[in-house]
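Shown next: entry-v3.txt, containing compact mmCIF, C-alpha atoms.
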# COMPACT_ATOMS: atom_id res chain seq x y z
CA MET A 1 -17.61 24.10 6.74
CA ALA A 2 -15.61 27.21 6.13
CA LEU A 3 -17.01 28.42 2.87
CA SER A 4 -16.91 32.04 2.05
CA ASN A 5 -18.87 32.58 -1.12
CA THR A 6 -22.09 31.25 -2.47
CA ALA A 7 -20.68 30.34 -5.87
CA VAL A 8 -18.50 27.77 -4.20
CA ALA A 9 -21.06 26.80 -1.60
CA SER A 10 -23.85 26.02 -4.01
CA ASN A 11 -21.60 23.52 -5.76
CA LYS A 12 -19.91 22.18 -2.73
CA PHE A 13 -22.51 21.50 -0.10
CA PRO A 14 -24.41 18.70 -1.85
CA THR A 15 -21.10 17.13 -2.87
CA THR A 16 -19.82 17.36 0.67
CA ALA A 17 -22.96 15.77 2.07
CA LEU A 18 -22.84 13.08 -0.58
CA SER A 19 -19.15 12.48 0.10
CA VAL A 20 -19.73 12.10 3.82
CA ALA A 21 -22.70 9.80 3.24
CA LEU A 22 -20.71 7.62 0.83
CA ALA A 23 -17.73 7.46 3.18
CA VAL A 24 -19.97 6.42 6.07
CA TYR A 25 -21.61 3.85 3.83
CA ALA A 26 -18.21 2.42 2.86
CA LEU A 27 -17.16 2.15 6.51
CA LEU A 28 -20.47 0.54 7.47
CA SER A 29 -19.91 -1.99 4.67
CA VAL A 30 -16.57 -2.90 6.25
CA LEU A 31 -18.33 -3.31 9.58
CA PHE A 32 -21.00 -5.47 7.95
CA LEU A 33 -18.36 -7.60 6.23
CA LEU A 34 -16.38 -8.23 9.39
CA GLN A 35 -18.95 -8.08 12.19
CA GLU A 36 -22.30 -9.17 10.78
CA ASN A 37 -23.85 -11.50 13.33
CA GLY A 38 -27.28 -12.11 11.90
CA LEU A 39 -28.70 -8.61 12.32
CA LEU A 40 -29.32 -7.93 8.63
CA ILE A 41 -29.02 -11.35 7.03
CA SER A 42 -30.17 -14.80 8.09
CA PRO A 43 -28.18 -16.53 10.83
CA GLU A 44 -26.99 -19.20 8.38
CA ALA A 45 -25.74 -16.64 5.90
CA ALA A 46 -24.19 -14.60 8.71
CA ASN A 47 -22.46 -17.72 9.98
CA TYR A 48 -21.11 -18.45 6.53
CA LEU A 49 -19.90 -14.86 6.13
CA HIS A 50 -18.35 -15.04 9.59
CA GLU A 51 -16.40 -18.18 8.73
CA ALA A 52 -15.43 -16.93 5.26
CA THR A 53 -13.99 -13.67 6.61
CA HIS A 54 -12.49 -15.38 9.66
CA ASP A 55 -8.77 -15.14 8.88
CA ALA A 56 -9.02 -11.62 7.51
CA ARG A 57 -10.85 -10.50 10.64
CA HIS A 58 -8.11 -11.86 12.88
CA ALA A 59 -5.35 -10.42 10.68
CA LEU A 60 -7.02 -6.99 10.53
CA GLY A 61 -7.15 -6.95 14.32
CA VAL A 62 -10.93 -6.98 14.63
CA PRO A 63 -12.12 -8.86 17.72
CA CYS A 64 -13.37 -12.40 17.07
CA HIS A 65 -15.02 -15.06 19.23
CA MET B 1 -19.47 18.24 -13.40
CA VAL B 2 -19.60 17.91 -9.67
CA SER B 3 -20.74 14.32 -9.67
CA ARG B 4 -18.09 13.35 -12.20
CA THR B 5 -15.43 14.88 -10.03
CA LEU B 6 -16.82 13.01 -7.05
CA GLY B 7 -16.83 9.87 -9.14
CA ARG B 8 -13.18 10.39 -9.98
CA THR B 9 -12.39 10.80 -6.31
CA VAL B 10 -14.17 7.54 -5.54
CA GLY B 11 -12.39 5.86 -8.45
CA HIS B 12 -8.97 6.99 -7.30
CA GLY B 13 -9.81 5.83 -3.79
CA ALA B 14 -10.98 2.45 -5.05
CA VAL B 15 -7.82 1.93 -7.12
CA ALA B 16 -5.56 2.99 -4.26
CA GLY B 17 -7.59 0.80 -1.90
CA ALA B 18 -7.33 -2.16 -4.26
CA ALA B 19 -3.56 -1.73 -4.38
CA ALA B 20 -3.47 -1.54 -0.58
CA GLY B 21 -5.77 -4.56 -0.36
CA GLY B 22 -3.58 -6.53 -2.76
CA VAL B 23 -0.45 -5.77 -0.75
CA GLY B 24 -2.37 -6.47 2.46
CA ALA B 25 -3.58 -9.83 1.15
CA THR B 26 -0.02 -10.76 0.18
CA ALA B 27 1.21 -9.74 3.64
CA LEU B 28 -1.60 -11.75 5.22
CA TYR B 29 -0.65 -14.82 3.23
CA TRP B 30 3.07 -14.65 4.00
CA LEU B 31 3.17 -13.04 7.43
CA VAL B 32 -0.08 -13.81 9.24
CA GLU B 33 -1.41 -17.09 7.88
CA PRO B 34 1.45 -19.20 9.35
CA SER B 35 0.50 -17.95 12.83
CA ILE B 36 -3.20 -18.53 12.19
CA ARG B 37 -2.46 -22.07 11.01
CA ALA B 38 -0.38 -22.80 14.10
CA ALA B 39 -3.04 -21.28 16.36
CA ILE B 40 -5.82 -23.35 14.82
CA ALA B 41 -3.68 -26.47 15.30
CA ILE B 42 -3.39 -25.60 19.00
CA GLU B 43 -7.10 -24.95 19.19
CA GLU B 44 -7.91 -28.29 17.61
CA ALA B 45 -5.54 -30.05 19.95
CA GLY B 46 -8.06 -29.20 22.62
CA GLY B 47 -7.05 -26.03 24.37
CA PRO B 48 -9.44 -24.60 26.93
CA ALA B 49 -10.06 -21.42 24.94
CA GLY B 50 -10.95 -23.25 21.79
CA GLU B 51 -13.32 -25.70 23.35
CA ALA B 52 -15.11 -23.41 25.72
CA GLY B 53 -17.37 -21.43 23.54
CA GLY B 54 -19.01 -23.01 20.57
CA HIS B 55 -17.06 -21.26 17.87
CA SER B 56 -15.76 -23.07 14.88
CA HIS B 57 -12.87 -22.39 12.62
CA ALA B 58 -14.21 -24.87 10.16
CA ALA B 59 -10.81 -26.39 9.94
CA GLY B 60 -11.93 -29.85 9.04
CA GLY B 61 -14.15 -32.61 10.29
CA ASP B 62 -11.94 -33.67 13.17
CA HIS B 63 -12.95 -30.76 15.34
CA ALA B 64 -15.88 -32.56 16.89
CA GLY B 65 -15.51 -31.28 20.42
CA SER B 66 -17.94 -28.43 20.85
CA HIS B 67 -19.60 -28.16 17.52
CA GLY B 68 -21.95 -29.80 15.13
CA LEU B 69 -20.37 -31.18 12.00
CA ALA B 70 -22.42 -28.89 9.78
CA ALA B 71 -20.79 -25.83 11.24
CA ASP B 72 -17.37 -27.42 10.93
CA ALA B 73 -17.77 -28.11 7.25
CA LEU B 74 -19.26 -24.70 6.53
CA VAL B 75 -16.13 -23.24 4.97
CA PRO B 76 -13.24 -25.64 4.37
CA ARG B 77 -9.89 -24.44 5.57
CA ASP B 78 -8.34 -23.87 2.13
CA GLU B 79 -11.38 -21.86 1.01
CA GLN B 80 -11.15 -19.88 4.23
CA VAL B 81 -7.67 -18.71 3.22
CA VAL B 82 -8.87 -17.66 -0.23
CA PHE B 83 -11.82 -15.83 1.27
CA ALA B 84 -9.43 -14.10 3.66
CA LEU B 85 -7.45 -12.67 0.75
CA VAL B 86 -10.65 -11.58 -1.00
CA THR B 87 -11.93 -10.00 2.21
CA VAL B 88 -8.73 -8.01 2.70
CA LEU B 89 -8.97 -6.81 -0.90
CA LEU B 90 -12.61 -5.77 -0.41
CA VAL B 91 -11.87 -4.04 2.88
CA GLY B 92 -8.98 -2.25 1.18
CA ILE B 93 -11.23 -0.97 -1.59
CA LEU B 94 -13.94 0.19 0.83
CA ILE B 95 -11.44 1.89 3.13
CA GLY B 96 -9.80 3.41 0.06
CA ILE B 97 -13.10 4.95 -1.04
CA ALA B 98 -13.76 6.32 2.44
CA PHE B 99 -10.18 7.60 2.55
CA ALA B 100 -10.50 9.40 -0.78
CA LEU B 101 -13.80 11.00 0.26
CA ALA B 102 -12.35 12.11 3.59
CA HIS B 103 -9.38 13.57 1.74
CA ARG B 104 -11.72 15.41 -0.59
CA VAL B 105 -14.02 16.75 2.14
CA LEU B 106 -11.19 17.79 4.46
CA GLY B 107 -9.20 19.42 1.66
CA THR B 108 -6.86 22.13 2.88
CA ARG B 109 -7.82 21.47 6.47
CA LEU B 110 -5.36 18.58 6.30
CA PRO B 111 -1.69 19.27 6.94
CA GLY B 112 0.47 19.13 3.82
CA LYS B 113 1.41 21.58 1.11
CA SER B 114 0.00 19.55 -1.78
CA PRO B 115 -2.82 17.03 -2.25
CA ALA B 116 -0.20 14.29 -2.40
CA GLY B 117 1.36 15.47 0.85
CA SER B 118 -1.98 15.67 2.61
CA ALA B 119 -2.86 12.19 1.33
CA MET B 120 0.24 10.77 2.99
CA THR B 121 -0.55 12.71 6.16
CA LEU B 122 -4.11 11.42 6.17
CA ALA B 123 -2.84 7.85 5.73
CA GLY B 124 -0.50 8.35 8.68
CA LEU B 125 -3.30 9.75 10.82
CA GLY B 126 -5.53 6.89 9.68
CA PHE B 127 -2.93 4.37 10.75
CA VAL B 128 -2.73 5.98 14.19
CA ALA B 129 -6.49 6.25 14.74
CA PHE B 130 -7.79 3.10 13.02
CA THR B 131 -4.91 0.67 13.57
CA LEU B 132 -2.45 1.71 16.26
CA ALA B 133 -5.00 2.89 18.85
CA PRO B 134 -7.14 -0.28 18.84
CA ALA B 135 -3.94 -2.37 18.63
CA ILE B 136 -2.88 -0.84 21.95
CA ILE B 137 -6.25 -1.08 23.70
CA VAL B 138 -7.48 -4.41 22.27
CA PRO B 139 -4.50 -6.11 20.61
CA ALA B 140 -5.11 -8.47 17.72
CA ASN B 141 -5.07 -12.13 18.70
CA PRO B 142 -4.65 -15.36 16.76
CA PRO B 143 -7.59 -17.82 16.74
CA ALA B 144 -6.63 -19.85 19.83
CA VAL B 145 -6.80 -16.73 22.02
CA GLY B 146 -10.10 -15.14 22.84
CA ASP B 147 -13.00 -15.89 25.12
CA PRO B 148 -16.36 -15.98 23.30
CA ALA B 149 -18.01 -14.57 26.43
CA THR B 150 -16.14 -11.28 26.09
CA VAL B 151 -16.47 -10.77 22.33
CA SER B 152 -19.23 -8.15 22.60
CA LEU B 153 -17.28 -6.08 25.10
CA ARG B 154 -14.16 -6.38 22.94
CA ALA B 155 -16.02 -5.42 19.77
CA VAL B 156 -17.61 -2.37 21.41
CA THR B 157 -14.29 -1.37 22.97
CA TYR B 158 -12.61 -1.77 19.60
CA LEU B 159 -15.11 0.48 17.84
CA GLY B 160 -15.18 2.94 20.74
CA THR B 161 -11.39 3.15 20.68
CA ILE B 162 -11.45 4.02 16.98
CA VAL B 163 -14.12 6.69 17.51
CA CYS B 164 -12.19 8.23 20.43
CA ALA B 165 -8.88 8.01 18.55
CA VAL B 166 -10.36 9.68 15.47
CA ALA B 167 -11.72 12.47 17.68
CA LEU B 168 -8.41 12.95 19.49
CA THR B 169 -6.40 12.83 16.26
CA THR B 170 -8.73 15.41 14.72
CA ILE B 171 -8.49 17.78 17.68
CA VAL B 172 -4.70 17.46 17.94
CA THR B 173 -4.29 18.08 14.20
CA ALA B 174 -6.65 21.06 14.32
CA LEU B 175 -4.81 22.49 17.31
CA ALA B 176 -1.48 22.05 15.55
CA ARG B 177 -2.82 24.19 12.73
CA ALA B 178 -4.84 26.73 14.76
CA LYS B 179 -4.22 30.14 13.23
CA GLU B 180 -5.21 31.82 16.50
CA LEU B 181 -2.09 30.56 18.26
CA ALA B 182 1.55 31.42 17.67
CA PRO B 183 3.37 28.60 15.84
CA ARG B 184 5.41 27.66 18.89
CA SER B 185 2.37 27.58 21.15
CA ARG B 186 0.56 25.43 18.60
CA ALA B 187 3.28 22.79 18.64
CA VAL B 188 3.41 22.72 22.43
CA ALA B 189 -0.37 22.67 22.82
CA ALA B 190 -0.87 19.93 20.22
CA THR B 191 1.90 17.75 21.70
CA ALA B 192 0.59 18.21 25.22
CA LEU B 193 -2.97 17.45 24.19
CA GLY B 194 -1.80 14.38 22.27
CA ILE B 195 0.06 12.99 25.27
CA VAL B 196 -2.63 13.82 27.84
CA GLY B 197 -5.43 12.67 25.54
CA SER B 198 -3.70 9.34 24.85
CA LEU B 199 -3.12 8.75 28.56
CA VAL B 200 -6.75 9.58 29.36
CA LEU B 201 -7.98 7.20 26.66
CA VAL B 202 -5.73 4.34 27.82
CA TRP B 203 -6.96 4.94 31.35
CA ALA B 204 -10.64 5.43 30.53
CA LEU B 205 -11.28 2.74 27.92
CA PRO B 206 -12.23 -0.65 29.36
CA ASN B 207 -9.44 -3.17 29.72
CA ALA B 208 -11.16 -5.69 27.48
CA ALA B 209 -8.18 -7.66 26.17
CA ASP B 210 -8.41 -11.37 26.92
CA PRO B 211 -5.61 -13.18 28.74
CA VAL B 212 -3.50 -15.47 26.56
CA PRO B 213 -4.18 -19.10 27.53
CA ALA B 214 -1.29 -21.14 28.89
CA ASN B 215 -1.27 -23.51 25.91
CA VAL B 216 -0.63 -20.70 23.41
CA PRO B 217 3.08 -19.82 23.15
CA ALA B 218 3.95 -16.16 23.61
CA ASP B 219 6.09 -16.35 20.46
CA LEU B 220 3.04 -17.27 18.42
CA VAL B 221 1.00 -14.33 19.74
CA TRP B 222 3.95 -11.98 19.18
CA GLU B 223 4.52 -13.15 15.62
CA PHE B 224 0.83 -12.88 14.88
CA ARG B 225 0.59 -9.34 16.24
CA VAL B 226 3.74 -8.16 14.46
CA GLY B 227 2.49 -9.76 11.24
CA SER B 228 -0.94 -8.17 11.64
CA LEU B 229 0.51 -4.71 12.39
CA THR B 230 2.91 -5.04 9.46
CA GLN B 231 0.06 -5.94 7.17
CA LEU B 232 -2.06 -3.01 8.32
CA GLY B 233 0.86 -0.57 8.24
CA LEU B 234 1.68 -1.63 4.68
CA MET B 235 -1.95 -1.19 3.70
CA TRP B 236 -2.06 2.41 4.99
CA LEU B 237 1.29 3.19 3.38
CA VAL B 238 0.30 1.82 -0.02
CA LEU B 239 -3.14 3.43 0.22
CA GLY B 240 -1.64 6.85 0.91
CA ALA B 241 1.14 6.50 -1.66
CA VAL B 242 -1.02 5.26 -4.53
CA PHE B 243 -3.72 7.84 -3.80
CA ALA B 244 -1.07 10.56 -3.62
CA TYR B 245 0.27 9.38 -6.97
CA LEU B 246 -3.19 9.44 -8.56
CA THR B 247 -4.38 12.74 -7.09
CA PRO B 248 -3.72 15.61 -9.46
CA SER B 249 -1.22 18.01 -7.98
CA GLN B 250 -2.43 20.87 -10.15
CA VAL B 251 -5.85 22.18 -10.93
CA VAL B 252 -6.73 21.13 -14.43
CA THR B 253 -9.16 23.60 -15.87
CA ARG B 254 -10.42 23.30 -19.36
CA THR B 255 -10.45 26.94 -20.28
CA SER B 256 -8.52 29.28 -18.06
CA PRO B 257 -5.87 29.27 -15.38
CA PRO B 258 -7.33 28.98 -11.87
CA THR B 259 -8.58 32.03 -10.08
CA PRO B 260 -9.85 32.02 -6.51
CA MET B 261 -13.47 32.20 -7.66
CA ARG B 262 -13.23 29.32 -10.08
CA ILE B 263 -11.32 26.61 -8.32
CA GLY B 264 -13.85 25.49 -5.80
CA ARG B 265 -13.48 21.96 -7.12
CA ARG B 266 -9.95 21.63 -5.81
CA ARG B 267 -9.61 23.34 -2.52
CA HIS B 268 -5.97 22.46 -2.23
CA LEU B 269 -4.77 25.10 -4.59
CA GLN B 270 -6.72 27.92 -3.07
CA PRO B 271 -4.62 30.26 -1.03
CA ALA B 272 -5.09 29.47 2.64
CA SER B 273 -6.70 32.82 3.32
CA VAL B 274 -9.44 32.13 0.78
CA ALA B 275 -10.02 28.56 1.76
CA GLU B 276 -10.21 29.05 5.47
CA VAL B 277 -11.96 32.39 5.92

Please express what this file holds, its structure, as structure tokens.
Amino acid sequence: MALSNTAVASNKFPTTALSVALAVYALLSVLFLLQENGLLISPEAANYLHEATHDARHALGVPCH
Amino acid sequence: MVSRTLGRTVGHGAVAGAAAGGVGATALYWLVEPSIRAAIAIEEAGGPAGEAGGHSHAAGGDHAGSHGLAADALVPRDEQVVFALVTVLLVGILIGIAFALAHRVLGTRLPGKSPAGSAMTLAGLGFVAFTLAPAIIVPANPPAVGDPATVSLRAVTYLGTIVCAVALTTIVTALARAKELAPRSRAVAATALGIVGSLVLVWALPNAADPVPANVPADLVWEFRVGSLTQLGLMWLVLGAVFAYLTPSQVVTRTSPPTPMRIGRRRHLQPASVAEV
């Protein structure tokens, strides 16, 4: 974080942290959507999600079965 | 003020991602679905890969070989295609948001003379790190290819490849812009590191790709992979282009023209010496 003055830094640091957190959250959501195997939701729901996203997973190049 | 600006960044990313997702869904429907359909037909005909592992494509009730009927009927085939388009759209939006935030956080550290230019650069780097690298290490496969026993290794390799590729891409880009080196040395060093780093990754990452079973034609796998890469390439291109179009190329201040002290919101227009000290 190359910030040189406090006027900028005081505005920027929380935003930066929030931005990074949101970006990570968005990427984790993608992972959840495409790779959820029953870790966070019930196995039945995970199975349904797995089958529903099946073609997209293959097309996006994410490993499947 | 800050949160609204962040919100606008997220909004632009979501719109650009939705556009990319829409184009990606169209590409999936026209370019990839025919291969998936053909592959599922092969799988249902009773290929060894399809029957071995207890995985269903829910392609109808006639797939009674390895699975209970309940699992087969879980998502009918036509719904599966609709869900696929929705999923691509959702993934596009989420990636778009992450893309916009990365663009915002990285700011002038990205190559490119304007926010639009750096957006296109970031999309190109994203394609290399998130699509091309895993496509080389663990190529995309149509449904009839793939051994359920190796899916964990392939998933971990896939994610590990992306992490390593992001790291390598970051280091190469940083080296290409290192102020400490003479411009010519930078180019040579970045190119050399890119080549050596790629070779090391190809050598070091596990060879997790499954063999293609004998009953799956090579043409089918080829068409699927080309279709998949085309879809993903289009998605990155549209994501970068739409985001570049939406991103303001000038600082818009309400009261006064930008001065170095006042334009912290938009790092792009700061002189390099201010932004990177």

Who sits within 9 Å of Ala116 in chain B, only C-alpha atoms, same chain under 5 positions skipped, as a PyMOL selection string: chain B and resi 121+240-241+243-249

Which of A:Arg57, A:Thr16, A:Pro63, A:Glu44 sits closest to Val30 in chain A [using all atoms listed in the file]: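 For Val30 in chain A, the nearest of the candidates is A:Arg57.
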
Contact residues around Gly38 in chain A with all atoms listed in the file at 10 Å, ignoring same-chain residues under 4 positions, as a ChimeraX atom specification: /A:32,42-47,49-50

Distance of CA of Pro206 in chain B from CA of Ser35 in chain B, expressed in Å to one decimal place: 27.1 Å

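Using all atoms listed in the file, the nearest neighbour of Phe224 in chain B within the list A:Leu18, A:Leu34, A:Ala59, A:Cys64 is A:Ala59.
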
When you get a chance, write out N, CA and C atoms for range 25-58 of chain A, as a CSV table (one decimal), in the frame of the given file.
chain,number,residue,atom,x,y,z
A,25,TYR,N,-21.1,5.1,4.4
A,25,TYR,CA,-21.6,3.8,3.8
A,25,TYR,C,-20.5,2.8,3.6
A,26,ALA,N,-19.3,3.3,3.1
A,26,ALA,CA,-18.2,2.4,2.9
A,26,ALA,C,-17.7,1.8,4.2
A,27,LEU,N,-17.6,2.7,5.2
A,27,LEU,CA,-17.2,2.2,6.5
A,27,LEU,C,-18.2,1.2,7.1
A,28,LEU,N,-19.5,1.5,6.9
A,28,LEU,CA,-20.5,0.5,7.5
A,28,LEU,C,-20.4,-0.8,6.7
A,29,SER,N,-20.1,-0.7,5.4
A,29,SER,CA,-19.9,-2.0,4.7
A,29,SER,C,-18.8,-2.8,5.2
A,30,VAL,N,-17.7,-2.2,5.6
A,30,VAL,CA,-16.6,-2.9,6.2
A,30,VAL,C,-17.1,-3.6,7.5
A,31,LEU,N,-17.8,-2.8,8.3
A,31,LEU,CA,-18.3,-3.3,9.6
A,31,LEU,C,-19.2,-4.5,9.3
A,32,PHE,N,-20.1,-4.4,8.3
A,32,PHE,CA,-21.0,-5.5,8.0
A,32,PHE,C,-20.2,-6.7,7.6
A,33,LEU,N,-19.2,-6.5,6.7
A,33,LEU,CA,-18.4,-7.6,6.2
A,33,LEU,C,-17.7,-8.4,7.4
A,34,LEU,N,-17.2,-7.6,8.4
A,34,LEU,CA,-16.4,-8.2,9.4
A,34,LEU,C,-17.2,-8.6,10.7
A,35,GLN,N,-18.3,-7.9,10.9
A,35,GLN,CA,-19.0,-8.1,12.2
A,35,GLN,C,-20.4,-8.5,12.1
A,36,GLU,N,-20.9,-8.8,10.9
A,36,GLU,CA,-22.3,-9.2,10.8
A,36,GLU,C,-22.6,-10.5,11.6
A,37,ASN,N,-23.6,-10.3,12.5
A,37,ASN,CA,-23.8,-11.5,13.3
A,37,ASN,C,-25.3,-11.9,13.2
A,38,GLY,N,-25.9,-11.7,12.1
A,38,GLY,CA,-27.3,-12.1,11.9
A,38,GLY,C,-28.3,-11.0,12.1
A,39,LEU,N,-27.8,-9.8,12.2
A,39,LEU,CA,-28.7,-8.6,12.3
A,39,LEU,C,-29.4,-8.3,11.0
A,40,LEU,N,-28.7,-8.3,9.9
A,40,LEU,CA,-29.3,-7.9,8.6
A,40,LEU,C,-29.6,-9.1,7.7
A,41,ILE,N,-28.8,-10.2,7.9
A,41,ILE,CA,-29.0,-11.4,7.0
A,41,ILE,C,-29.3,-12.5,7.9
A,42,SER,N,-29.8,-13.6,7.3
A,42,SER,CA,-30.2,-14.8,8.1
A,42,SER,C,-29.0,-15.4,8.9
A,43,PRO,N,-29.3,-16.0,10.0
A,43,PRO,CA,-28.2,-16.5,10.8
A,43,PRO,C,-27.3,-17.5,10.1
A,44,GLU,N,-27.8,-18.3,9.2
A,44,GLU,CA,-27.0,-19.2,8.4
A,44,GLU,C,-26.0,-18.4,7.5
A,45,ALA,N,-26.6,-17.4,6.8
A,45,ALA,CA,-25.7,-16.6,5.9
A,45,ALA,C,-24.7,-15.9,6.7
A,46,ALA,N,-25.1,-15.3,7.9
A,46,ALA,CA,-24.2,-14.6,8.7
A,46,ALA,C,-23.1,-15.5,9.2
A,47,ASN,N,-23.4,-16.8,9.5
A,47,ASN,CA,-22.5,-17.7,10.0
A,47,ASN,C,-21.5,-18.0,8.9
A,48,TYR,N,-22.0,-18.2,7.7
A,48,TYR,CA,-21.1,-18.4,6.5
A,48,TYR,C,-20.1,-17.3,6.3
A,49,LEU,N,-20.7,-16.1,6.3
A,49,LEU,CA,-19.9,-14.9,6.1
A,49,LEU,C,-18.8,-14.8,7.2
A,50,HIS,N,-19.3,-15.1,8.5
A,50,HIS,CA,-18.4,-15.0,9.6
A,50,HIS,C,-17.2,-16.0,9.4
A,51,GLU,N,-17.5,-17.2,8.9
A,51,GLU,CA,-16.4,-18.2,8.7
A,51,GLU,C,-15.5,-17.8,7.5
A,52,ALA,N,-16.2,-17.3,6.5
A,52,ALA,CA,-15.4,-16.9,5.3
A,52,ALA,C,-14.4,-15.8,5.5
A,53,THR,N,-14.9,-14.8,6.4
A,53,THR,CA,-14.0,-13.7,6.6
A,53,THR,C,-13.1,-13.9,7.8
A,54,HIS,N,-13.1,-15.1,8.4
A,54,HIS,CA,-12.5,-15.4,9.7
A,54,HIS,C,-11.0,-14.9,9.7
A,55,ASP,N,-10.2,-15.4,8.8
A,55,ASP,CA,-8.8,-15.1,8.9
A,55,ASP,C,-8.5,-13.7,8.7
A,56,ALA,N,-9.2,-13.0,7.8
A,56,ALA,CA,-9.0,-11.6,7.5
A,56,ALA,C,-9.4,-10.8,8.8
A,57,ARG,N,-10.4,-11.2,9.4
A,57,ARG,CA,-10.8,-10.5,10.6
A,57,ARG,C,-9.7,-10.5,11.7
A,58,HIS,N,-9.2,-11.8,11.9
A,58,HIS,CA,-8.1,-11.9,12.9
A,58,HIS,C,-6.9,-11.0,12.4
